[in-house]
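Each remark here refers to the structure printed beneath this line.
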Amino acid sequence: LLLALGRPALSGAQTTEGTAAAPHRRFEYKYSFKGPHLVQADGTVPFWVHTGNAIPSADQIRITTSLKSQKGSVWTKNKSIFEYWEVEVTFRVTGRGRIGADGLAIWFTEEQGLEGPVFGAADKWNGVGIFFDSFDNDGKKNNPGVIVIGNNGKLLYDHQNDGSTQALASCQRDFRNKPYPVRVKITYYQKTLTVLINNGFTPDKEDYEFCAKVEDMVLPSQGYFGISAATGGLADDHDVLSFLTFQLTEPGKEAPTPDAEIPQKDKEKYQEEFEHFQQELDKKKEEFQREHPDVQGQPGKLLELFFNDVFETVSDRELRQIFEGQNRIHLEIKQLNRQLDMILDEQRKYVSAVTEEIAKRGAGFPGQQGQVSQQEVETIVKTQEEVIRQVKEIRSSVTDALRSISGAQHPGSAGVYETTQHFNDIKEHLHVVKRDIEHLVQRNAPSSEKQKCPELPPFPSCLSTVHFFIFVAVQTVLFIGYVMYRSQQEAAAKKFF
């Protein structure tokens, strides 16, 4: 009971002492990165360098993809110039398998370990590495785990035992496939390294739990920050969302001002660049005001007009997508119209040729009338009626397609009139074909007196009536198939809009 009562008092005393001795924190942007807009236009991350299979994007850096035998890393370009520091790293390790490999490491080393066998970084480092090992090499079932290993530049990492023989501190934590990104806070202050970790089950950024602590650790006074990852026979996606670095200053000591850390040459360079950008901005402002004289003296309206010119609203984007879809449909209909015109021209040529041939041979052989059987004439008439029926079906399909497209388009848009006009042209061509075929049927139909048509001599080998109707039937079937295919494509396209 006395021990239980004494513990809270001791804990409270420690908290009071820790609060009183809390160091001063200052964010260091040159040793940090965070999305969005993480990368520049050339694909690089400001103040950082990436190597191997690392892929920077707007919101994160994928150190390795879920492929076998991948290695990647990112490192600061410049060495740190402060003695004590704190880093907050947000990362995500995801994979389809129950077991992942190999893992991820956070570094503070005297030299950049751009590539090597230790989680994608170089071995024999001088500094410290915090390893998030997800593969159990030694078979002790203590992975995934977090291991802190220091090195003076002479030791080789013990892969077979997962670094357990070299570990300064460790804890067993499962950081794979969590609903939220895992957060790690690593603090090096007054020669004590502390590792706190968020388990990834809550979005609370300050929900940390203790993982490891190493006292009396001597690290290089200046070094590079880095993060690396590697995969082996198994693979995970290792994504780093942010790496935030803070300089820690002991209480009572003044933190160096940012200006004192910048060399005079760099100051002059930055000042010159600032003046150049300021001049360019002033020129842009003058040009914009000349182009929009009606909004001068109205800053709010000027700003609104500027953002309307630069950014696109959701409604404008949807309207633009609708117009683009209508334009594509319009182009497809024009192509269909051209193909239909070509088919109709061919049919007119064949009908005209057959009609002329029948009239010529009927006038040239008047004595052979009555030799054509009634069955042959009825066969020709049935074939022609079938052609007419198919042409009517084509016209009905085209009409349905027109009705569907007209219903999907935006009311009042200019594309509706043009689409309707094209379909009206198609209808007129189909009516012409129908009239020509009906005229041909009437000429060949038997009269009330059952007058027999003259027997025709053999047609030349180039074209016969049977071949003509077979050709017309095949063309009609192909055209119907094409119309059905285009209707399916349009129905699928309307789902997008």
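Letters A, B, ... mark the chains of the structure tokens in the order given; residue numbers begin at 1 per chain; ligand numbers begin at 1, in order shown.
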
> Quick one: DSSP alpha helix (DSSP H) residues in region 62-289 of chain A, as number ranges by chain?
Replying inline: A: 258-261, 264-289

Suppose we keep N, CA, C and O atoms; can you now write the selection as a compact mmCIF listing (two decimals), in the first residue's frame?
# COMPACT_ATOMS: atom_id res chain seq x y z
N PRO A 258 17.76 32.45 -36.85
CA PRO A 258 17.92 31.89 -38.20
C PRO A 258 18.91 32.68 -39.05
O PRO A 258 19.64 32.11 -39.86
N ASP A 259 18.97 34.01 -38.86
CA ASP A 259 19.89 34.80 -39.68
C ASP A 259 21.34 34.46 -39.37
O ASP A 259 22.21 34.52 -40.24
N ALA A 260 21.61 34.09 -38.11
CA ALA A 260 22.99 33.80 -37.75
C ALA A 260 23.49 32.51 -38.40
O ALA A 260 24.68 32.29 -38.52
N GLU A 261 22.55 31.63 -38.79
CA GLU A 261 22.94 30.36 -39.38
C GLU A 261 23.16 30.46 -40.88
O GLU A 261 23.71 29.54 -41.49
N GLN A 264 26.72 34.79 -45.35
CA GLN A 264 26.48 36.09 -45.98
C GLN A 264 26.21 35.93 -47.47
O GLN A 264 25.36 36.63 -48.05
N LYS A 265 26.93 35.00 -48.12
CA LYS A 265 26.71 34.80 -49.57
C LYS A 265 25.30 34.31 -49.85
O LYS A 265 24.64 34.76 -50.80
N ASP A 266 24.82 33.38 -49.01
CA ASP A 266 23.47 32.88 -49.20
C ASP A 266 22.44 33.98 -48.95
O ASP A 266 21.41 34.06 -49.64
N LYS A 267 22.70 34.84 -47.95
CA LYS A 267 21.78 35.94 -47.69
C LYS A 267 21.66 36.85 -48.92
O LYS A 267 20.56 37.23 -49.33
N GLU A 268 22.80 37.21 -49.50
CA GLU A 268 22.78 38.07 -50.68
C GLU A 268 22.05 37.37 -51.85
O GLU A 268 21.29 38.01 -52.58
N LYS A 269 22.30 36.09 -52.00
CA LYS A 269 21.63 35.36 -53.09
C LYS A 269 20.12 35.34 -52.89
O LYS A 269 19.34 35.58 -53.83
N TYR A 270 19.69 35.03 -51.66
CA TYR A 270 18.25 34.98 -51.39
C TYR A 270 17.60 36.36 -51.54
O TYR A 270 16.48 36.47 -52.05
N GLN A 271 18.32 37.40 -51.12
CA GLN A 271 17.78 38.75 -51.26
C GLN A 271 17.62 39.12 -52.72
O GLN A 271 16.62 39.74 -53.12
N GLU A 272 18.60 38.75 -53.55
CA GLU A 272 18.52 39.04 -54.98
C GLU A 272 17.36 38.29 -55.62
O GLU A 272 16.61 38.86 -56.44
N GLU A 273 17.18 37.03 -55.25
CA GLU A 273 16.05 36.26 -55.80
C GLU A 273 14.72 36.86 -55.35
O GLU A 273 13.77 36.93 -56.13
N PHE A 274 14.66 37.30 -54.09
CA PHE A 274 13.42 37.90 -53.60
C PHE A 274 13.08 39.17 -54.38
O PHE A 274 11.91 39.38 -54.77
N GLU A 275 14.06 40.01 -54.62
CA GLU A 275 13.81 41.23 -55.39
C GLU A 275 13.38 40.91 -56.81
O GLU A 275 12.50 41.58 -57.36
N HIS A 276 13.99 39.89 -57.40
CA HIS A 276 13.60 39.51 -58.77
C HIS A 276 12.15 39.03 -58.81
O HIS A 276 11.37 39.45 -59.68
N PHE A 277 11.76 38.19 -57.84
CA PHE A 277 10.38 37.71 -57.80
C PHE A 277 9.41 38.85 -57.52
O PHE A 277 8.28 38.87 -58.06
N GLN A 278 9.82 39.80 -56.70
CA GLN A 278 8.96 40.94 -56.40
C GLN A 278 8.72 41.78 -57.65
O GLN A 278 7.58 42.22 -57.91
N GLN A 279 9.76 41.98 -58.46
CA GLN A 279 9.60 42.72 -59.71
C GLN A 279 8.67 41.98 -60.68
O GLN A 279 7.81 42.60 -61.33
N GLU A 280 8.84 40.67 -60.77
CA GLU A 280 7.96 39.89 -61.65
C GLU A 280 6.51 39.97 -61.19
O GLU A 280 5.59 40.09 -62.01
N LEU A 281 6.31 39.94 -59.87
CA LEU A 281 4.95 40.04 -59.34
C LEU A 281 4.33 41.40 -59.66
O LEU A 281 3.15 41.49 -60.04
N ASP A 282 5.10 42.46 -59.52
CA ASP A 282 4.59 43.79 -59.84
C ASP A 282 4.21 43.90 -61.32
O ASP A 282 3.18 44.50 -61.68
N LYS A 283 5.02 43.30 -62.20
CA LYS A 283 4.70 43.33 -63.63
C LYS A 283 3.40 42.58 -63.91
O LYS A 283 2.56 43.04 -64.69
N LYS A 284 3.25 41.42 -63.26
CA LYS A 284 2.02 40.66 -63.46
C LYS A 284 0.80 41.44 -62.97
O LYS A 284 -0.27 41.42 -63.61
N LYS A 285 0.95 42.12 -61.85
CA LYS A 285 -0.17 42.92 -61.34
C LYS A 285 -0.55 44.03 -62.32
O LYS A 285 -1.74 44.25 -62.59
N GLU A 286 0.45 44.73 -62.86
CA GLU A 286 0.16 45.81 -63.82
C GLU A 286 -0.51 45.27 -65.08
O GLU A 286 -1.47 45.87 -65.58
N GLU A 287 -0.03 44.13 -65.59
CA GLU A 287 -0.66 43.55 -66.79
C GLU A 287 -2.10 43.14 -66.51
O GLU A 287 -2.99 43.36 -67.33
N PHE A 288 -2.35 42.56 -65.35
CA PHE A 288 -3.70 42.13 -65.02
C PHE A 288 -4.63 43.33 -64.87
O PHE A 288 -5.79 43.29 -65.30
N GLN A 289 -4.15 44.40 -64.26
CA GLN A 289 -4.98 45.59 -64.11
C GLN A 289 -5.27 46.26 -65.45
O GLN A 289 -6.36 46.80 -65.65

Give me the region 65-95 of chain A side of the contact with region 181-192 of chain A, cut-off 7 Å, one line per residue showing its nearest atom pair and distance in Å at one decimal, counting only C-alpha atoms, sorted by chain and residue number, as a Markdown table.
| residue | atom | partner | partner_atom | distance |
| --- | --- | --- | --- | --- |
| A:Tyr84 | CA | A:Tyr189 | CA | 5.2 |
| A:Trp85 | CA | A:Tyr188 | CA | 5.5 |
| A:Glu86 | CA | A:Thr187 | CA | 4.3 |
| A:Val87 | CA | A:Ile186 | CA | 5.3 |
| A:Glu88 | CA | A:Lys185 | CA | 4.5 |
| A:Val89 | CA | A:Val184 | CA | 5.2 |
| A:Thr90 | CA | A:Arg183 | CA | 4.5 |
| A:Phe91 | CA | A:Val182 | CA | 5.5 |
| A:Arg92 | CA | A:Pro181 | CA | 5.1 |

Could you please take those selected residues and save N, CA and C atoms as a tab-separated table (two decimals), in the first residue's frame?
chain	number	residue	atom	x	y	z
A	84	TYR	N	21.12	18.85	-30.15
A	84	TYR	CA	20.00	18.02	-29.73
A	84	TYR	C	18.83	18.22	-30.70
A	85	TRP	N	18.06	17.18	-30.88
A	85	TRP	CA	17.00	17.25	-31.88
A	85	TRP	C	15.86	16.30	-31.52
A	86	GLU	N	14.77	16.49	-32.25
A	86	GLU	CA	13.59	15.62	-32.13
A	86	GLU	C	12.96	15.49	-33.51
A	87	VAL	N	12.63	14.27	-33.90
A	87	VAL	CA	11.99	14.03	-35.20
A	87	VAL	C	10.66	13.33	-34.97
A	88	GLU	N	9.69	13.71	-35.77
A	88	GLU	CA	8.38	13.05	-35.79
A	88	GLU	C	8.15	12.51	-37.19
A	89	VAL	N	8.06	11.20	-37.29
A	89	VAL	CA	7.95	10.52	-38.59
A	89	VAL	C	6.60	9.84	-38.66
A	90	THR	N	5.90	10.06	-39.76
A	90	THR	CA	4.62	9.39	-40.02
A	90	THR	C	4.80	8.49	-41.23
A	91	PHE	N	4.52	7.21	-41.06
A	91	PHE	CA	4.73	6.27	-42.16
A	91	PHE	C	3.63	5.22	-42.16
A	92	ARG	N	3.59	4.48	-43.24
A	92	ARG	CA	2.59	3.42	-43.40
A	92	ARG	C	3.27	2.22	-44.07

> Which neighbours of Gln112 (chain A) fall inside 9 Å, counting only C-alpha atoms, when residues of the same chain fewer than 2 positions from it are skipped, and could you give them as JSON, numbers by chain?
Replying inline: {"A": [75, 76, 77, 108, 109, 110, 114, 115, 121, 122, 125, 223, 224, 225, 226]}

>> What's the separation between CA of Asp42 (chain A) and CA of Ser73 (chain A), in Å to one decimal place?
In response: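 Atom-to-atom, CA of Asp42 (chain A) to CA of Ser73 (chain A), that is 18.2 Å.
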
> Using only C-alpha atoms, which residue out of A:Val240, A:Val146, A:Ile81, A:Cys171 lies closest to Ser221 (chain A)?
Replying inline: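 The closest residue to Ser221 (chain A) is A:Ile81.
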
>> Neighbouring residues of Gly232 (chain A) were defined as those with any atom within 12 Å, considering only C-alpha atoms; residues of the same chain fewer than 3 positions away were excluded. Please report them as number ranges by chain.
In response: A: 64-71, 99-103, 117-120, 134-135, 137, 229, 235-236

Taking N, CA, C and O atoms for each residue, export the selection above as a PDB file, in the first residue's frame.
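And here's selection-v5.pdb as it stands now:
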ATOM      1  N   THR A  64       9.896   1.977 -50.861  1.00  0.00           N
ATOM      2  CA  THR A  64       9.925   0.770 -51.705  1.00  0.00           C
ATOM      3  C   THR A  64       8.492   0.368 -52.022  1.00  0.00           C
ATOM      4  O   THR A  64       7.580   0.552 -51.209  1.00  0.00           O
ATOM      5  N   THR A  65       8.317  -0.191 -53.200  1.00  0.00           N
ATOM      6  CA  THR A  65       7.027  -0.762 -53.584  1.00  0.00           C
ATOM      7  C   THR A  65       6.971  -2.223 -53.147  1.00  0.00           C
ATOM      8  O   THR A  65       7.972  -2.817 -52.760  1.00  0.00           O
ATOM      9  N   SER A  66       5.791  -2.812 -53.224  1.00  0.00           N
ATOM     10  CA  SER A  66       5.608  -4.197 -52.787  1.00  0.00           C
ATOM     11  C   SER A  66       6.080  -5.152 -53.875  1.00  0.00           C
ATOM     12  O   SER A  66       5.303  -5.949 -54.419  1.00  0.00           O
ATOM     13  N   LEU A  67       7.353  -5.060 -54.207  1.00  0.00           N
ATOM     14  CA  LEU A  67       8.012  -5.966 -55.134  1.00  0.00           C
ATOM     15  C   LEU A  67       9.231  -6.567 -54.452  1.00  0.00           C
ATOM     16  O   LEU A  67       9.773  -6.003 -53.508  1.00  0.00           O
ATOM     17  N   LYS A  68       9.669  -7.702 -54.944  1.00  0.00           N
ATOM     18  CA  LYS A  68      10.797  -8.377 -54.323  1.00  0.00           C
ATOM     19  C   LYS A  68      12.103  -7.629 -54.600  1.00  0.00           C
ATOM     20  O   LYS A  68      12.286  -7.040 -55.662  1.00  0.00           O
ATOM     21  N   SER A  69      13.021  -7.707 -53.620  1.00  0.00           N
ATOM     22  CA  SER A  69      14.394  -7.195 -53.749  1.00  0.00           C
ATOM     23  C   SER A  69      14.426  -5.723 -54.149  1.00  0.00           C
ATOM     24  O   SER A  69      15.096  -5.342 -55.107  1.00  0.00           O
ATOM     25  N   GLN A  70      13.696  -4.903 -53.403  1.00  0.00           N
ATOM     26  CA  GLN A  70      13.697  -3.467 -53.637  1.00  0.00           C
ATOM     27  C   GLN A  70      14.464  -2.763 -52.511  1.00  0.00           C
ATOM     28  O   GLN A  70      14.452  -3.204 -51.357  1.00  0.00           O
ATOM     29  N   LYS A  71      15.135  -1.636 -52.858  1.00  0.00           N
ATOM     30  CA  LYS A  71      15.849  -0.830 -51.877  1.00  0.00           C
ATOM     31  C   LYS A  71      15.663   0.638 -52.224  1.00  0.00           C
ATOM     32  O   LYS A  71      15.700   1.008 -53.396  1.00  0.00           O
ATOM     33  N   ILE A  99       2.796 -11.930 -43.408  1.00  0.00           N
ATOM     34  CA  ILE A  99       4.140 -11.565 -42.978  1.00  0.00           C
ATOM     35  C   ILE A  99       4.731 -10.629 -44.020  1.00  0.00           C
ATOM     36  O   ILE A  99       4.602 -10.862 -45.230  1.00  0.00           O
ATOM     37  N   GLY A 100       5.399  -9.592 -43.557  1.00  0.00           N
ATOM     38  CA  GLY A 100       6.025  -8.652 -44.479  1.00  0.00           C
ATOM     39  C   GLY A 100       7.536  -8.726 -44.402  1.00  0.00           C
ATOM     40  O   GLY A 100       8.107  -9.475 -43.599  1.00  0.00           O
ATOM     41  N   ALA A 101       8.189  -7.965 -45.245  1.00  0.00           N
ATOM     42  CA  ALA A 101       9.664  -7.926 -45.256  1.00  0.00           C
ATOM     43  C   ALA A 101      10.108  -6.738 -46.085  1.00  0.00           C
ATOM     44  O   ALA A 101       9.393  -6.291 -46.971  1.00  0.00           O
ATOM     45  N   ASP A 102      11.340  -6.239 -45.871  1.00  0.00           N
ATOM     46  CA  ASP A 102      12.141  -6.559 -44.687  1.00  0.00           C
ATOM     47  C   ASP A 102      11.821  -5.562 -43.567  1.00  0.00           C
ATOM     48  O   ASP A 102      11.690  -5.927 -42.410  1.00  0.00           O
ATOM     49  N   GLY A 103      11.703  -4.295 -43.922  1.00  0.00           N
ATOM     50  CA  GLY A 103      11.363  -3.304 -42.929  1.00  0.00           C
ATOM     51  C   GLY A 103      11.853  -1.919 -43.307  1.00  0.00           C
ATOM     52  O   GLY A 103      12.275  -1.668 -44.432  1.00  0.00           O
ATOM     53  N   PRO A 117      23.185  -2.802 -47.545  1.00  0.00           N
ATOM     54  CA  PRO A 117      22.441  -4.016 -47.178  1.00  0.00           C
ATOM     55  C   PRO A 117      21.583  -3.892 -45.927  1.00  0.00           C
ATOM     56  O   PRO A 117      20.851  -4.813 -45.607  1.00  0.00           O
ATOM     57  N   VAL A 118      21.687  -2.778 -45.196  1.00  0.00           N
ATOM     58  CA  VAL A 118      20.952  -2.637 -43.936  1.00  0.00           C
ATOM     59  C   VAL A 118      19.678  -1.830 -44.199  1.00  0.00           C
ATOM     60  O   VAL A 118      19.697  -0.601 -44.252  1.00  0.00           O
ATOM     61  N   PHE A 119      18.603  -2.538 -44.446  1.00  0.00           N
ATOM     62  CA  PHE A 119      17.312  -1.898 -44.746  1.00  0.00           C
ATOM     63  C   PHE A 119      17.460  -0.855 -45.853  1.00  0.00           C
ATOM     64  O   PHE A 119      16.859   0.232 -45.797  1.00  0.00           O
ATOM     65  N   GLY A 120      18.250  -1.148 -46.857  1.00  0.00           N
ATOM     66  CA  GLY A 120      18.434  -0.264 -47.992  1.00  0.00           C
ATOM     67  C   GLY A 120      19.483   0.805 -47.812  1.00  0.00           C
ATOM     68  O   GLY A 120      19.700   1.610 -48.719  1.00  0.00           O
ATOM     69  N   SER A 134      10.179  -6.068 -39.823  1.00  0.00           N
ATOM     70  CA  SER A 134       8.926  -6.811 -39.961  1.00  0.00           C
ATOM     71  C   SER A 134       9.114  -8.276 -40.317  1.00  0.00           C
ATOM     72  O   SER A 134       8.133  -9.002 -40.458  1.00  0.00           O
ATOM     73  N   PHE A 135      10.363  -8.759 -40.470  1.00  0.00           N
ATOM     74  CA  PHE A 135      10.597 -10.153 -40.824  1.00  0.00           C
ATOM     75  C   PHE A 135      11.432 -10.820 -39.738  1.00  0.00           C
ATOM     76  O   PHE A 135      12.438 -10.261 -39.269  1.00  0.00           O
ATOM     77  N   ASN A 137      14.001 -13.089 -38.855  1.00  0.00           N
ATOM     78  CA  ASN A 137      15.125 -13.865 -39.382  1.00  0.00           C
ATOM     79  C   ASN A 137      15.598 -14.932 -38.395  1.00  0.00           C
ATOM     80  O   ASN A 137      16.009 -16.017 -38.807  1.00  0.00           O
ATOM     81  N   ALA A 229      14.324   1.790 -46.606  1.00  0.00           N
ATOM     82  CA  ALA A 229      13.515   0.578 -46.510  1.00  0.00           C
ATOM     83  C   ALA A 229      14.017  -0.412 -47.546  1.00  0.00           C
ATOM     84  O   ALA A 229      14.694  -0.052 -48.512  1.00  0.00           O
ATOM     85  N   ALA A 235       7.364  -8.874 -49.543  1.00  0.00           N
ATOM     86  CA  ALA A 235       7.411  -7.453 -49.904  1.00  0.00           C
ATOM     87  C   ALA A 235       6.246  -6.707 -49.277  1.00  0.00           C
ATOM     88  O   ALA A 235       5.147  -7.247 -49.102  1.00  0.00           O
ATOM     89  N   ASP A 236       6.515  -5.438 -48.926  1.00  0.00           N
ATOM     90  CA  ASP A 236       5.516  -4.492 -48.434  1.00  0.00           C
ATOM     91  C   ASP A 236       5.716  -3.159 -49.136  1.00  0.00           C
ATOM     92  O   ASP A 236       6.797  -2.868 -49.649  1.00  0.00           O
TER      93      ASP A 236
END

>> Show me, as a list in words, the residues that have an atom within 7 Å of Ile130 (chain A) when counting only C-alpha atoms, minus same-chain residues fewer than 4 positions from it.
In response: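 Result of the neighbour search: Ala105, Ile106, Trp107, Val146, Ile147, Val148 and Ile149 of chain A.
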
> So, counting only C-alpha atoms, which residue among A:Phe132, A:Ile55, A:Leu241, A:Ser352 is closest to His439 (chain A)?
Replying inline: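 Looking only at the distances to His439 (chain A), the closest residue turns out to be A:Ser352.
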
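Computed from the coordinates, the CA of Gly72 (chain A) to CA of Ser242 (chain A) distance equals 16.1 Å.
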
> Using only C-alpha atoms, which of A:Gly116, A:Leu156, A:Leu340, A:Leu244 sits nearest Tyr29 (chain A)?
Replying inline: A:Leu244
